[in-house]
>>> print(open('protein.cif').read())   # mmCIF, C-alpha atoms and all ligand atoms
data_start
loop_
_atom_site.label_atom_id
_atom_site.label_comp_id
_atom_site.auth_asym_id
_atom_site.auth_seq_id
_atom_site.Cartn_x
_atom_site.Cartn_y
_atom_site.Cartn_z
CA PRO A 1 100.74 97.48 -53.30
CA ARG A 2 104.38 96.86 -52.43
CA LYS A 3 105.42 93.27 -52.84
CA VAL A 4 106.44 91.29 -49.78
CA ARG A 5 110.08 90.30 -50.07
CA ILE A 6 112.33 88.21 -47.89
CA PRO A 7 114.14 91.20 -46.30
CA HIS A 8 110.70 92.45 -45.22
CA LEU A 9 110.12 89.21 -43.29
CA GLN A 10 113.55 89.49 -41.66
CA ALA A 11 112.71 93.07 -40.67
CA LEU A 12 109.46 91.94 -39.03
CA LYS A 13 111.42 89.48 -36.89
CA ALA A 14 113.86 92.23 -35.90
CA GLU A 15 110.90 94.46 -34.93
CA GLY A 16 109.23 91.60 -33.04
CA ARG A 17 106.10 91.78 -35.23
CA ARG A 18 104.21 88.53 -35.89
CA TRP A 19 102.62 87.60 -39.20
CA ALA A 20 100.20 85.05 -40.62
CA MET A 21 100.63 82.61 -43.46
CA LEU A 22 97.84 80.64 -45.19
CA THR A 23 97.88 77.96 -47.83
CA ALA A 24 96.23 78.63 -51.18
CA TYR A 25 95.77 76.33 -54.14
CA ASP A 26 93.80 78.44 -56.59
CA MET A 27 93.10 81.93 -57.89
CA TYR A 28 90.21 82.98 -55.64
CA ALA A 29 91.83 81.93 -52.40
CA ALA A 30 95.05 83.66 -53.44
CA GLU A 31 93.23 86.85 -54.46
CA ILE A 32 91.20 87.02 -51.26
CA PHE A 33 94.03 86.28 -48.82
CA ASP A 34 96.31 88.67 -50.69
CA GLU A 35 93.66 91.39 -50.45
CA ALA A 36 93.32 90.63 -46.72
CA GLY A 37 97.01 91.41 -46.34
CA ILE A 38 98.34 87.92 -45.64
CA PRO A 39 102.01 88.45 -46.49
CA VAL A 40 102.97 84.86 -47.37
CA LEU A 41 100.89 82.29 -49.28
CA LEU A 42 101.97 78.67 -49.27
CA VAL A 43 101.00 76.38 -52.11
CA GLY A 44 101.38 73.39 -49.84
CA ASP A 45 101.54 69.77 -50.83
CA SER A 46 98.56 69.65 -48.47
CA ALA A 47 96.89 70.02 -51.89
CA GLY A 48 97.02 66.22 -51.69
CA ASN A 49 94.37 66.15 -48.96
CA ASN A 50 92.69 69.45 -49.87
CA VAL A 51 92.52 69.50 -53.67
CA TYR A 52 93.24 66.06 -55.05
CA GLY A 53 91.38 63.94 -52.51
CA TYR A 54 94.32 61.82 -51.34
CA GLU A 55 94.65 60.61 -47.77
CA THR A 56 98.14 62.06 -47.34
CA THR A 57 100.59 64.37 -49.07
CA VAL A 58 102.76 61.45 -50.13
CA PRO A 59 101.20 60.79 -53.58
CA VAL A 60 101.40 64.44 -54.74
CA THR A 61 103.62 64.91 -57.80
CA LEU A 62 105.49 67.90 -59.17
CA ASP A 63 103.21 67.83 -62.21
CA GLU A 64 100.24 68.24 -59.85
CA MET A 65 101.90 71.09 -57.93
CA VAL A 66 103.02 73.24 -60.86
CA PRO A 67 99.58 74.37 -62.17
CA LEU A 68 98.40 75.22 -58.64
CA VAL A 69 101.53 77.25 -57.97
CA ARG A 70 101.10 79.13 -61.26
CA ALA A 71 97.47 79.96 -60.44
CA VAL A 72 98.36 81.32 -57.00
CA ALA A 73 101.41 83.22 -58.25
CA SER A 74 99.33 84.80 -61.03
CA ALA A 75 96.62 85.93 -58.62
CA ALA A 76 98.81 87.22 -55.79
CA ARG A 77 99.63 90.90 -56.22
CA ARG A 78 101.52 91.52 -52.98
CA ALA A 79 102.07 88.22 -51.17
CA LEU A 80 105.25 86.16 -51.31
CA VAL A 81 104.33 82.80 -52.85
CA VAL A 82 106.09 79.73 -51.44
CA ALA A 83 105.68 76.35 -53.16
CA ASP A 84 106.17 72.96 -51.49
CA LEU A 85 108.59 70.48 -53.00
CA PRO A 86 106.58 67.24 -52.98
CA PHE A 87 107.67 63.91 -51.53
CA GLY A 88 110.13 61.99 -53.68
CA CYS A 89 111.17 65.04 -55.71
CA TYR A 90 114.18 66.14 -53.64
CA GLY A 91 115.21 63.41 -51.21
CA ALA A 92 117.42 61.42 -53.59
CA SER A 93 120.13 64.00 -54.29
CA VAL A 94 120.95 67.69 -54.42
CA GLU A 95 120.66 67.49 -58.19
CA GLN A 96 117.16 66.02 -58.04
CA GLY A 97 116.03 68.67 -55.57
CA PHE A 98 117.60 71.44 -57.61
CA THR A 99 115.86 70.33 -60.81
CA SER A 100 112.50 70.07 -59.00
CA ALA A 101 112.85 73.49 -57.36
CA VAL A 102 113.69 75.09 -60.69
CA ARG A 103 110.41 73.74 -62.11
CA LEU A 104 108.43 75.33 -59.25
CA MET A 105 110.20 78.64 -59.88
CA LYS A 106 110.17 78.65 -63.72
CA GLU A 107 106.93 76.88 -64.59
CA GLY A 108 105.06 77.65 -61.37
CA ARG A 109 106.48 81.20 -60.95
CA ALA A 110 106.94 80.64 -57.22
CA HIS A 111 109.02 83.16 -55.28
CA ALA A 112 110.45 80.52 -52.92
CA VAL A 113 110.27 76.79 -52.23
CA LYS A 114 109.67 74.83 -49.04
CA LEU A 115 111.11 71.44 -48.15
CA GLU A 116 110.83 69.07 -45.21
CA GLY A 117 113.72 67.68 -43.19
CA GLY A 118 116.52 68.55 -40.81
CA ALA A 119 120.29 68.93 -41.05
CA SER A 120 120.50 66.31 -43.83
CA MET A 121 118.77 68.83 -46.11
CA ALA A 122 121.43 71.49 -45.52
CA PRO A 123 123.44 70.71 -48.70
CA LEU A 124 120.32 71.10 -50.85
CA VAL A 125 119.32 74.32 -49.06
CA ARG A 126 122.85 75.64 -49.67
CA ALA A 127 122.70 74.74 -53.37
CA LEU A 128 119.27 76.32 -53.86
CA THR A 129 119.97 79.56 -52.01
CA GLY A 130 123.34 79.76 -53.78
CA ALA A 131 121.47 79.67 -57.07
CA GLY A 132 118.97 82.35 -56.04
CA ILE A 133 116.11 80.14 -54.90
CA PRO A 134 114.91 81.14 -51.42
CA VAL A 135 114.11 78.20 -49.15
CA MET A 136 111.65 77.84 -46.30
CA ALA A 137 112.54 74.82 -44.17
CA HIS A 138 110.05 72.57 -42.31
CA VAL A 139 110.92 70.54 -39.20
CA GLY A 140 109.10 68.89 -36.31
CA PHE A 141 106.25 66.78 -37.64
CA THR A 142 106.88 66.46 -41.37
CA PRO A 143 103.81 64.97 -43.08
CA GLN A 144 105.80 63.54 -46.00
CA SER A 145 107.48 61.21 -43.45
CA GLU A 146 104.32 60.18 -41.66
CA HIS A 147 104.87 56.50 -42.46
CA GLN A 148 108.38 56.68 -41.01
CA LEU A 149 107.24 58.74 -38.00
CA GLY A 150 104.32 56.43 -37.24
CA GLY A 151 101.49 58.86 -37.84
CA TYR A 152 100.62 62.38 -36.74
CA ARG A 153 102.64 62.74 -33.54
CA VAL A 154 104.13 65.66 -31.67
CA GLN A 155 107.90 65.84 -32.36
CA GLY A 156 110.80 67.22 -30.34
CA ARG A 157 109.59 66.06 -26.91
CA GLY A 158 112.10 65.42 -24.14
CA ASP A 159 115.56 64.46 -25.37
CA ALA A 160 114.57 65.09 -29.00
CA ALA A 161 114.39 68.86 -28.35
CA ASP A 162 118.14 69.40 -28.68
CA ALA A 163 118.20 67.66 -32.06
CA LEU A 164 115.29 69.82 -33.27
CA VAL A 165 117.13 73.01 -32.29
CA ALA A 166 120.30 71.73 -34.00
CA ASP A 167 118.35 70.88 -37.18
CA ALA A 168 116.78 74.34 -37.31
CA ARG A 169 120.16 75.99 -36.81
CA ALA A 170 121.76 73.86 -39.54
CA LEU A 171 119.01 74.90 -41.96
CA GLN A 172 119.45 78.56 -41.04
CA ASP A 173 123.23 78.25 -41.50
CA ALA A 174 122.63 76.68 -44.92
CA GLY A 175 120.68 79.79 -45.95
CA ALA A 176 116.99 79.08 -45.25
CA PHE A 177 114.98 82.32 -44.84
CA ALA A 178 112.38 80.81 -42.47
CA VAL A 179 111.52 77.52 -40.83
CA VAL A 180 108.13 75.92 -40.24
CA LEU A 181 107.73 74.17 -36.86
CA GLU A 182 104.88 71.68 -37.03
CA MET A 183 103.44 69.92 -33.96
CA VAL A 184 106.20 70.59 -31.47
CA PRO A 185 105.74 71.44 -27.78
CA ALA A 186 105.32 75.19 -27.30
CA PRO A 187 108.39 75.56 -25.05
CA VAL A 188 110.57 73.79 -27.64
CA ALA A 189 109.21 76.05 -30.41
CA ALA A 190 110.01 79.04 -28.20
CA ARG A 191 113.56 77.75 -27.75
CA VAL A 192 114.02 77.33 -31.52
CA THR A 193 112.58 80.80 -32.14
CA GLN A 194 114.99 82.35 -29.65
CA SER A 195 118.00 80.53 -31.08
CA LEU A 196 117.38 81.60 -34.69
CA ASP A 197 117.81 84.90 -36.53
CA ILE A 198 115.33 83.81 -39.23
CA PRO A 199 111.57 83.69 -38.58
CA THR A 200 109.88 80.55 -37.29
CA VAL A 201 106.40 79.73 -38.60
CA GLY A 202 104.37 77.62 -36.20
CA ILE A 203 101.52 75.17 -36.74
CA GLY A 204 100.64 73.33 -33.57
CA ALA A 205 103.74 74.94 -32.02
CA GLY A 206 102.27 77.40 -29.53
CA ALA A 207 102.26 81.19 -29.53
CA VAL A 208 105.96 82.01 -29.28
CA THR A 209 106.86 81.66 -32.97
CA ASP A 210 107.42 84.64 -35.29
CA ALA A 211 104.57 83.60 -37.58
CA GLN A 212 101.70 81.11 -37.80
CA VAL A 213 100.39 79.02 -40.68
CA LEU A 214 97.07 77.27 -41.23
CA VAL A 215 95.71 75.23 -44.10
CA TRP A 216 93.00 77.41 -45.61
CA SER A 217 90.37 74.70 -45.97
CA ASP A 218 90.80 74.01 -42.24
CA PHE A 219 90.71 77.64 -41.05
CA ALA A 220 87.69 78.40 -43.26
CA GLY A 221 85.74 75.32 -42.16
CA LEU A 222 85.56 73.70 -45.57
CA ARG A 223 86.45 70.19 -44.54
CA SER A 224 84.08 67.72 -42.90
CA GLY A 225 84.76 65.89 -39.68
CA ARG A 226 87.06 66.72 -36.83
CA SER A 227 90.00 69.08 -37.25
CA PRO A 228 93.34 68.68 -35.51
CA ARG A 229 93.67 70.36 -32.12
CA PHE A 230 95.84 73.17 -33.49
CA VAL A 231 93.25 74.33 -36.06
CA LYS A 232 91.02 77.29 -35.27
CA LYS A 233 87.96 77.63 -37.53
CA TYR A 234 87.47 81.26 -38.58
CA ALA A 235 84.50 80.58 -40.86
CA ASP A 236 81.97 77.88 -41.73
CA LEU A 237 82.30 77.79 -45.51
CA ARG A 238 81.14 74.19 -45.62
CA GLY A 239 77.87 75.16 -43.93
CA THR A 240 77.49 78.23 -46.13
CA LEU A 241 78.01 76.23 -49.35
CA LEU A 242 75.76 73.39 -48.16
CA ASP A 243 72.94 75.88 -47.51
CA ALA A 244 73.53 77.61 -50.85
CA ALA A 245 73.55 74.36 -52.85
CA ARG A 246 70.38 73.13 -51.13
CA ALA A 247 68.59 76.46 -51.69
CA TYR A 248 69.58 76.48 -55.37
CA ALA A 249 68.44 72.89 -55.93
CA ALA A 250 65.13 73.62 -54.18
CA ASP A 251 64.57 76.75 -56.30
CA VAL A 252 65.22 74.85 -59.53
CA GLU A 253 62.92 72.02 -58.47
CA SER A 254 60.13 74.41 -57.48
CA GLY A 255 60.55 76.65 -60.52
CA ALA A 256 61.49 79.69 -58.40
CA PHE A 257 64.79 79.97 -60.30
CA PRO A 258 65.28 81.39 -62.83
CA ASP A 259 62.70 84.14 -62.45
CA ALA A 260 62.09 87.02 -64.89
CA GLY A 261 64.96 89.01 -63.37
CA HIS A 262 67.41 86.27 -64.31
CA SER A 263 66.02 85.64 -67.82
CA PHE A 264 66.18 87.35 -71.23
CA GLU A 265 62.66 88.23 -72.42
CA SER A 266 63.55 89.25 -75.96
O1 LIG A 301 101.45 71.63 -47.06
C1 LIG A 301 101.17 72.42 -46.13
O2 LIG A 301 100.05 72.95 -46.05
C2 LIG A 301 102.20 72.74 -45.14
C3 LIG A 301 101.86 73.64 -44.01
C4 LIG A 301 100.84 73.06 -43.09
C5 LIG A 301 103.07 74.11 -43.28
O3 LIG A 301 103.30 72.27 -45.29
NA NA A 302 103.52 70.69 -46.88
#
>>> encode(input="protein.cif", output="C-alpha cells", more="lines below")
Ligand code: KIV
Ligand code: NA
Amino acid sequence: PRKVRIPHLQALKAEGRRWAMLTAYDMYAAEIFDEAGIPVLLVGDSAGNNVYGYETTVPVTLDEMVPLVRAVASAARRALVVADLPFGCYGASVEQGFTSAVRLMKEGRAHAVKLEGGASMAPLVRALTGAGIPVMAHVGFTPQSEHQLGGYRVQGRGDAADALVADARALQDAGAFAVVLEMVPAPVAARVTQSLDIPTVGIGAGAVTDAQVLVWSDFAGLRSGRSPRFVKKYADLRGTLLDAARAYAADVESGAFPDAGHSFES
C-alpha cells in the first residue's frame, strides 16, 4: 500500500475530503487501524493515562514515549506516524525541543512530531521543519498545561477566539503541516479551519474541521467510567474482554479448558 505522506494530507484539504486520526501505543492497535485505512496514527502522550496508569499526561517522559513510538512505527505499513513531544521536553528552549524531537525521529522512527502551544512555539516549529522534521501543532485545550489552565475546560470562547486564530496562523506560518484543535467551540474551530491552508484536526471541536482525532481506548470502549462529551464509543472492548476473562477463568475452574482439542495426547 502507498504510504501516506504530508503532501497527501494537503491534497485532501484542497479536495475538501475529511480524514480520521486515532492514537495507537502498540503493535496490534497500529496494525489494525492501519489495515482499516486510518491515514494518520498518533502516539500520543495520552499514553500517560492509557498505558502507564497516570492521572494526566504531565509525568510522561521521552524514555517512556520512544519504545511506544517504535512499536507503532514498526507495525504501520501505510499510516503516517506522529509522535507527541512530552511535557518538559521542549518548553525550555529551541535546542531542548530539537534534541527531543530528534530522539522521537531517530530512536522512535516517527514520521512527524506533535507539540502543544501557540505562537510562542513558532521558533521551535521553524527550527524543526527547517531540519526536516514535520510538525503537527496542538492548540485550544492543551492537556500538558491543565494545571495552568485550571482543568479540562473549553478554550477560545468569546474574546479568546481571536488569539486562538492568531496562534494557529503563527504555527502554520512557522511551517506546521497540521494543527489539532482540542475542546474549542465549533464555530471557532470552523473559523480557524477557514483561515488556514493546512488541515485542522478536531477533538471536541465540532464537525467543521478537516480531520478528527480520538484516543483509541476511548473510541473502542476500553476505559471504565464516564467518557468526555466529545468521545463516541464505536465498540465495547472492555465488555468483550471482561466476558472473555470471566469465561476463561470459569472454564479453568470447572476443568472445561483445556479439552482434548487443546492438548497434546502423545
Ligand atoms: O495525546 C493525545 O492523545 C493527543 C490527542 C488527543 C490529540 O494529543
Ligand atoms: Na497529546
>>> residues_near_ligand(input="protein.cif", ligand="ligand LIG 301 (chain A)", cutoff="6 Å", atoms="all atoms listed in the file", output="PyMOL selection string")
chain A and resi 23+44-46+214-215
>>> residues_near_ligand(input="protein.cif", ligand="ligand NA 302 (chain A)", cutoff="8 Å", atoms="all atoms listed in the file", output="tab-separated table (two decimals) with C-alpha atoms, in the coordinates of the input")
chain	number	residue	atom	x	y	z
A	44	GLY	CA	101.38	73.39	-49.84
A	45	ASP	CA	101.54	69.77	-50.83
A	46	SER	CA	98.56	69.65	-48.47
A	57	THR	CA	100.59	64.37	-49.07
A	84	ASP	CA	106.17	72.96	-51.49
A	85	LEU	CA	108.59	70.48	-53.00
A	86	PRO	CA	106.58	67.24	-52.98
A	114	LYS	CA	109.67	74.83	-49.04
A	115	LEU	CA	111.11	71.44	-48.15
A	116	GLU	CA	110.83	69.07	-45.21
A	142	THR	CA	106.88	66.46	-41.37
A	143	PRO	CA	103.81	64.97	-43.08
A	144	GLN	CA	105.80	63.54	-46.00
>>> closest_residue(input="protein.cif", among="A:Met136, A:Ala166, A:Cys89, A:Ile32", to="Val60 in chain A", atoms="only C-alpha atoms")
A:Cys89
>>> atom_distance(input="protein.cif", atom1="CA of Gly53 in chain A", atom2="CA of Trp216 in chain A")
15.2 Å
>>> closest_residue(input="protein.cif", among="A:Ala36, A:Ala14, A:Leu80, A:Val184", to="Pro199 in chain A", atoms="all atoms listed in the file")
A:Ala14
>>> build_atoms(input="protein.cif", residues="range 125-161 of chain A", atoms="N, CA and C atoms", output="short mmCIF file (atom, residue, chain, number, x, y, z; two decimals), keeping the file's coordinate frame")
data_model
loop_
_atom_site.label_atom_id
_atom_site.label_comp_id
_atom_site.auth_asym_id
_atom_site.auth_seq_id
_atom_site.Cartn_x
_atom_site.Cartn_y
_atom_site.Cartn_z
N VAL A 125 119.68 72.93 -49.36
CA VAL A 125 119.32 74.32 -49.06
C VAL A 125 120.46 75.25 -49.51
N ARG A 126 121.70 74.82 -49.27
CA ARG A 126 122.85 75.64 -49.67
C ARG A 126 122.90 75.79 -51.19
N ALA A 127 122.65 74.70 -51.90
CA ALA A 127 122.70 74.74 -53.37
C ALA A 127 121.59 75.64 -53.92
N LEU A 128 120.41 75.54 -53.36
CA LEU A 128 119.27 76.32 -53.86
C LEU A 128 119.48 77.81 -53.59
N THR A 129 119.80 78.14 -52.34
CA THR A 129 119.97 79.56 -52.01
C THR A 129 121.16 80.13 -52.78
N GLY A 130 122.19 79.30 -53.00
CA GLY A 130 123.34 79.76 -53.78
C GLY A 130 122.97 80.08 -55.21
N ALA A 131 121.91 79.44 -55.69
CA ALA A 131 121.47 79.67 -57.07
C ALA A 131 120.33 80.69 -57.14
N GLY A 132 120.00 81.31 -56.01
CA GLY A 132 118.97 82.35 -56.04
C GLY A 132 117.57 81.86 -55.76
N ILE A 133 117.43 80.68 -55.23
CA ILE A 133 116.11 80.14 -54.90
C ILE A 133 115.93 80.17 -53.38
N PRO A 134 115.10 81.09 -52.88
CA PRO A 134 114.91 81.14 -51.42
C PRO A 134 114.22 79.89 -50.91
N VAL A 135 114.63 79.45 -49.72
CA VAL A 135 114.11 78.20 -49.15
C VAL A 135 113.51 78.43 -47.77
N MET A 136 112.29 77.95 -47.61
CA MET A 136 111.65 77.84 -46.30
C MET A 136 111.82 76.38 -45.87
N ALA A 137 112.35 76.18 -44.67
CA ALA A 137 112.54 74.82 -44.17
C ALA A 137 111.30 74.39 -43.36
N HIS A 138 111.23 73.12 -43.00
CA HIS A 138 110.05 72.57 -42.31
C HIS A 138 110.52 71.41 -41.46
N VAL A 139 110.48 71.59 -40.13
CA VAL A 139 110.92 70.54 -39.20
C VAL A 139 109.83 70.27 -38.16
N GLY A 140 110.12 69.33 -37.26
CA GLY A 140 109.10 68.89 -36.31
C GLY A 140 108.34 67.75 -36.96
N PHE A 141 107.01 67.78 -36.90
CA PHE A 141 106.25 66.78 -37.64
C PHE A 141 106.29 67.15 -39.11
N THR A 142 106.78 66.22 -39.93
CA THR A 142 106.88 66.46 -41.37
C THR A 142 105.97 65.44 -42.06
N PRO A 143 104.83 65.91 -42.58
CA PRO A 143 103.81 64.97 -43.08
C PRO A 143 104.31 64.02 -44.17
N GLN A 144 105.31 64.44 -44.96
CA GLN A 144 105.80 63.54 -46.00
C GLN A 144 106.45 62.29 -45.40
N SER A 145 106.85 62.36 -44.12
CA SER A 145 107.48 61.21 -43.45
C SER A 145 106.53 60.52 -42.49
N GLU A 146 105.23 60.70 -42.68
CA GLU A 146 104.32 60.18 -41.66
C GLU A 146 104.41 58.66 -41.52
N HIS A 147 104.74 57.96 -42.58
CA HIS A 147 104.87 56.50 -42.46
C HIS A 147 106.09 56.13 -41.62
N GLN A 148 107.16 56.91 -41.79
CA GLN A 148 108.38 56.68 -41.01
C GLN A 148 108.17 57.10 -39.55
N LEU A 149 107.43 58.19 -39.36
CA LEU A 149 107.24 58.74 -38.00
C LEU A 149 106.14 58.01 -37.22
N GLY A 150 105.37 57.18 -37.92
CA GLY A 150 104.32 56.43 -37.24
C GLY A 150 103.07 57.25 -37.00
N GLY A 151 102.73 58.11 -37.93
CA GLY A 151 101.49 58.86 -37.84
C GLY A 151 101.70 60.28 -37.35
N TYR A 152 100.59 60.97 -37.16
CA TYR A 152 100.62 62.38 -36.74
C TYR A 152 100.94 62.45 -35.26
N ARG A 153 102.20 62.71 -34.94
CA ARG A 153 102.64 62.74 -33.54
C ARG A 153 103.46 64.00 -33.30
N VAL A 154 103.32 64.53 -32.10
CA VAL A 154 104.13 65.66 -31.67
C VAL A 154 105.60 65.25 -31.69
N GLN A 155 106.46 66.12 -32.23
CA GLN A 155 107.90 65.84 -32.36
C GLN A 155 108.70 66.78 -31.45
N GLY A 156 109.90 66.34 -31.10
CA GLY A 156 110.80 67.22 -30.34
C GLY A 156 110.55 67.22 -28.85
N ARG A 157 109.85 66.17 -28.37
CA ARG A 157 109.59 66.06 -26.91
C ARG A 157 110.84 65.55 -26.21
N GLY A 158 111.03 65.96 -24.98
CA GLY A 158 112.10 65.42 -24.14
C GLY A 158 113.48 65.57 -24.77
N ASP A 159 114.19 64.44 -24.86
CA ASP A 159 115.56 64.46 -25.37
C ASP A 159 115.65 64.89 -26.82
N ALA A 160 114.54 64.76 -27.57
CA ALA A 160 114.57 65.09 -29.00
C ALA A 160 114.61 66.61 -29.24
N ALA A 161 114.42 67.40 -28.18
CA ALA A 161 114.39 68.86 -28.35
C ALA A 161 115.72 69.41 -28.85
#
